[in-house]
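Okay, so here's the structure we're looking at.
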Amino acid sequence: MSTAPGAVATTTAGPGVTGLLAGIAATGRDTGRGGYSRALYSTAEQELREWFLDEARHRGLDTETDRNGALWAWWDTGSGSRQDAVVTGSHLDSVPGGGAFDGPLGVASALAAVDHLRSRGMAPRRPIALAVFPEEEGSRFGVACFGSRLLTGAIDPDKARNLRDPDGDTFADVAAAAGLDPRFVGPDPEAVGRIGAFVELHVEQGRGLVDLDRAVAVGSSILGHGRWRLTVAGQGNHAGTTLMEDRRDPMVAAAAMVQAVRDAALRHPGARATVGRIEPVPGGTNVIASCVNLWIDVRHQDDAVTAAVVERIHAEAIRAAAAEGCTVRLNEESLSPTVHFDPALRGRVGELLPDAPVLDTGAGHDAGVLAARLPTAMLFVRNPTGISHSPQEHVEDDDAEAGALALADVLQGLAGRE
């Protein structure tokens with residue numbers, strides 16, 4: 001195995017990131033879409049949760065599941081206190097047909113980092129915890145970073161309990177079936193208060209490190225982003241008996257809205273706007289839909305621009321609906337302002353990784369949600385394809401190991417004894 005350009009020398013400790021990821025390579029494969037589909041509390045995601053807990057226990061870590069379904073694995077100092085902990089981790093769920101690294105790379109790297117630190121004989125002066133947050137992608141209940149939002153109170157618990165998945169099941173029902181008590185989901189100030197710093201490692205979801213010829217980068221900020229749902233209502237009817245001039249077809253209006261979403265983003269340099277999901281109701285081939293739902297993702301570094309793009313989309317959607325005799329309603333499902341990671345923590349991480357460049361990202365992460373409550377930082381690992389949320393997402397073995405080693409260096413610098 002040759003060393004990738006920009007990678008740093010690694011040491012051998014435990015199975016390494018590549019060995020850990022190989023152990024879950026068959027879990028959640030999607031033979032239809034390609035890649036992986038690991039929705040929250042699906043069989044695949046449940047298997048991955050058990051895999052993490054088993055790996056953590058194998059390392060002698062104390063594991064727990066909190067009221068919101070987040071998993072924790074603790075390496076204590078022996079003092080009996082878990083305050084001011086240095087926490088690392090990511091998520092295990094995926095988008096439909098996603099890649100192998102988005103989420104699991106950060107979890108496997110956290111486990112491998114513990115192996116590195118143990119092989120160095122490090123004794124932590126601050127508790128170290130590994131965390132796995134549920135439903136980061138929002139692919140089942142439509143809210144990105146759902147677990148960290150519940151933890152910090154960034155989403156109302158009643159709203160969370162009543163969210164429905166594509167099959168119509170509420171989060172409350174799904175959570176109860178998974179062993180949680182839905183009455184207690186929501187803000188957990190005690191858990192948040194234990195965290196002194198959170199450092200999330202993630203595959204880079206772009207080409208920054210490819211262009212810089214480096215394996216690992218330090219994160220600087222996350223573009224503001226949100227998700228909205230347009231619901232276009234018309235008249236359901238028979239596809240064969242309804243003349244074209246007699247139709248109030250919401251799918252035709254929705255088609256114009258897809259174009260309007262792209263055009264609204266193009267008016268603002270650096271803006272990104274995407275229609276990633278369309279759902280006609282009832283969805284029959286020989287049926288004119290009665291309504292159509294479109295889910296929209298909008299992002300920009302300037303939150304005012306994000307708002308302007310959404311406002312433009314809404315105005316154009318109203319016009320497109322009226323032209324077809326339909327109506328439209330816009331609902332905000334989640335919104336995260338631009339996040340600049342804690343300057344002091346980012347500076348310290350930069351000191352510990354002096355050769356790592358600094359990059360921002362257009363992708364949302366749990367670290368961005370937690371940043372409103374505590375110091376957070378991120379590490380990115382090179383993705384040679386520059387493609388993510390796709391089976392073409394990739395990380396070279398040497399880069400994966402370099403990322404885990406960099407994470408170990410950061411954890412040792414933040415939590416190790418002098």
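Ordering of the structure tokens sets the chain letters (A, B, ...), residue numbers begin anew at 1 in every chain, and ligands are numbered from 1 in the order given.
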| message | Just want the 12 Å neighbourhood of A:Ser390, counted on only C-alpha atoms, with same-chain residues fewer than 4 positions away dropped. Output as a list in words. | response |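 Contacts, with the query itself left out: Asp30, Arg33, Gly34, Gly35, Tyr36, Ser37, Ser94, Val95, Pro96, Gly97, Gly98, Gly99, Ala100, Phe101, Asp102, Gln205, Thr385, Gly386 and His394 of chain A.
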| said: What's around A:His91 at 12 Å? Count only C-alpha atoms, leave out sequence neighbours fewer than 5 positions away in its own chain, and write the answer as a ChimeraX atom specification. | reply: /A:38-40,45,48-49,52,69-72,100-110,130-138,144-148,200-203,365-367
| field | Counting only C-alpha atoms, the residue of A:Asp188, A:Asp303, A:Asp360, A:Asp249 that sits nearest A:Ala271 | value |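 Using only C-alpha atoms, the shortest distance to A:Ala271 belongs to A:Asp303.
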Stretch 177-235 of chain A near stretch 325-346 of chain A within 6 Å: what's each residue's closest atom pair and its distance in Å to one decimal, counting only C-alpha atoms, ordered by chain then ascending residue number, as CSV?
```
residue,atom,partner,partner_atom,distance
A:Ser220,CA,A:Phe341,CA,5.8
A:Ser221,CA,A:His340,CA,4.3
A:Ile222,CA,A:Val339,CA,5.1
A:Leu223,CA,A:Thr338,CA,4.8
A:Gly224,CA,A:Thr338,CA,3.7
A:His225,CA,A:Ser336,CA,5.4
A:Gly226,CA,A:Leu335,CA,4.0
A:Arg227,CA,A:Ser334,CA,5.2
A:Trp228,CA,A:Glu332,CA,4.4
A:Arg229,CA,A:Asn331,CA,5.2
A:Leu230,CA,A:Leu330,CA,4.7
A:Thr231,CA,A:Arg329,CA,5.2
A:Val232,CA,A:Val328,CA,4.4
A:Ala233,CA,A:Thr327,CA,5.3
A:Gly234,CA,A:Cys326,CA,4.7
```
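Using only C-alpha atoms, the shortest contact distance between A:Arg29 and any of A:Thr43, A:Ser79, A:Gly168, A:Glu64 is found at A:Thr43.
Shortest atom-to-atom contact with A:Tyr41 among A:Gly236, A:Gly179, A:Pro124, A:Gly270: A:Gly179, counting only C-alpha atoms.
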| message | I'd like to know which residues of stretch 47-240 of chain A are helix (DSSP H, G or I) (by DSSP, run on the backbone); could you write them as a ChimeraX atom specification? | response | /A:47-58,104-119,146-152,157-162,171-177,182-184,189-193,208-212
Can you write just those residues out, C-alpha atoms, as a compact mmCIF listing (two decimals), in the first residue's frame?
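This went into result-v2.txt:
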```txt
# COMPACT_ATOMS: atom_id res chain seq x y z
CA GLU A 47 -26.57 -3.21 13.64
CA LEU A 48 -24.06 -0.37 13.35
CA ARG A 49 -25.05 0.94 16.77
CA GLU A 50 -24.39 -2.47 18.28
CA TRP A 51 -21.09 -2.66 16.38
CA PHE A 52 -19.97 0.63 17.94
CA LEU A 53 -20.98 -0.40 21.45
CA ASP A 54 -19.18 -3.74 21.07
CA GLU A 55 -16.01 -2.04 19.78
CA ALA A 56 -16.12 0.50 22.61
CA ARG A 57 -16.58 -2.19 25.28
CA HIS A 58 -13.75 -4.19 23.74
CA PRO A 104 -18.72 6.02 9.89
CA LEU A 105 -15.25 7.42 9.08
CA GLY A 106 -15.50 9.73 12.10
CA VAL A 107 -16.75 6.95 14.37
CA ALA A 108 -14.10 4.45 13.25
CA SER A 109 -11.40 7.13 13.52
CA ALA A 110 -12.46 7.87 17.10
CA LEU A 111 -12.08 4.19 18.01
CA ALA A 112 -8.73 4.00 16.23
CA ALA A 113 -7.57 7.17 17.98
CA VAL A 114 -8.23 5.50 21.34
CA ASP A 115 -6.05 2.60 20.17
CA HIS A 116 -3.26 5.02 19.27
CA LEU A 117 -3.46 6.77 22.62
CA ARG A 118 -3.46 3.48 24.49
CA SER A 119 -0.42 2.31 22.54
CA PHE A 146 -31.71 15.69 14.66
CA GLY A 147 -29.94 14.04 17.59
CA SER A 148 -27.71 17.00 18.41
CA ARG A 149 -30.69 19.35 18.01
CA LEU A 150 -32.64 17.30 20.57
CA LEU A 151 -29.66 17.25 22.94
CA THR A 152 -29.16 21.02 22.86
CA PRO A 157 -39.57 18.11 21.78
CA ASP A 158 -43.26 18.09 20.86
CA LYS A 159 -42.42 18.91 17.26
CA ALA A 160 -39.79 16.16 17.31
CA ARG A 161 -42.16 13.55 18.73
CA ASN A 162 -44.73 14.28 16.04
CA PHE A 171 -40.69 9.66 15.75
CA ALA A 172 -42.34 8.97 19.11
CA ASP A 173 -43.54 5.57 17.91
CA VAL A 174 -40.25 4.69 16.21
CA ALA A 175 -38.23 5.78 19.25
CA ALA A 176 -40.42 3.73 21.58
CA ALA A 177 -39.97 0.66 19.38
CA PRO A 182 -40.42 9.39 23.95
CA ARG A 183 -41.72 11.35 26.94
CA PHE A 184 -38.14 12.23 27.85
CA PRO A 189 -28.44 20.17 29.98
CA GLU A 190 -26.55 17.71 32.16
CA ALA A 191 -25.12 15.88 29.14
CA VAL A 192 -24.26 19.12 27.37
CA GLY A 193 -22.66 20.47 30.53
CA GLY A 208 -10.31 21.38 -1.04
CA LEU A 209 -7.76 18.83 0.17
CA VAL A 210 -7.34 17.33 -3.29
CA ASP A 211 -6.37 20.73 -4.68
CA LEU A 212 -4.07 21.43 -1.70
```
| task | Name the closest residue to A:Leu266 among the candidates A:His300, A:Arg417, A:Arg382, A:Arg194; distances are taken between atoms, counting only C-alpha atoms. | result | A:His300
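Interatomic distance, atom CA of A:Glu324 to atom CA of A:Ala308: 24.9 Å.
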| task | Compare A:Arg207, A:Arg67, A:Arg267, A:Arg82 by their minimum atom-to-atom distance to A:Val381, counting only C-alpha atoms, and give me the closest one. | result |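 For A:Val381, the nearest of the given residues is A:Arg207.
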| Selected residue of minimal separation from A:Leu61 among A:Val216, A:Ala404, A:Val358, A:Asp76, counting only C-alpha atoms |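 Of all the options, A:Asp76 lies closest to A:Leu61.
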| request: Give me, please, the distance in Å between atom CA of A:Gln301 and atom CA of A:Gly89, quoted to one decimal. | output: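 Here the two named atoms are 25.0 Å from each other.
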| request: May I ask for the distance between atom CA of A:Phe141 and atom CA of A:Ala273, given in Å to one decimal place? | output: 20.2 Å
| message | Write out as number ranges by chain the set of residues from stretch 84-286 of chain A that DSSP, computed on the backbone, places in strand (DSSP E or B). | response | A: 85-90, 98, 124, 128-132, 164, 170, 195-203, 216-222, 224-233, 237-238, 272-281
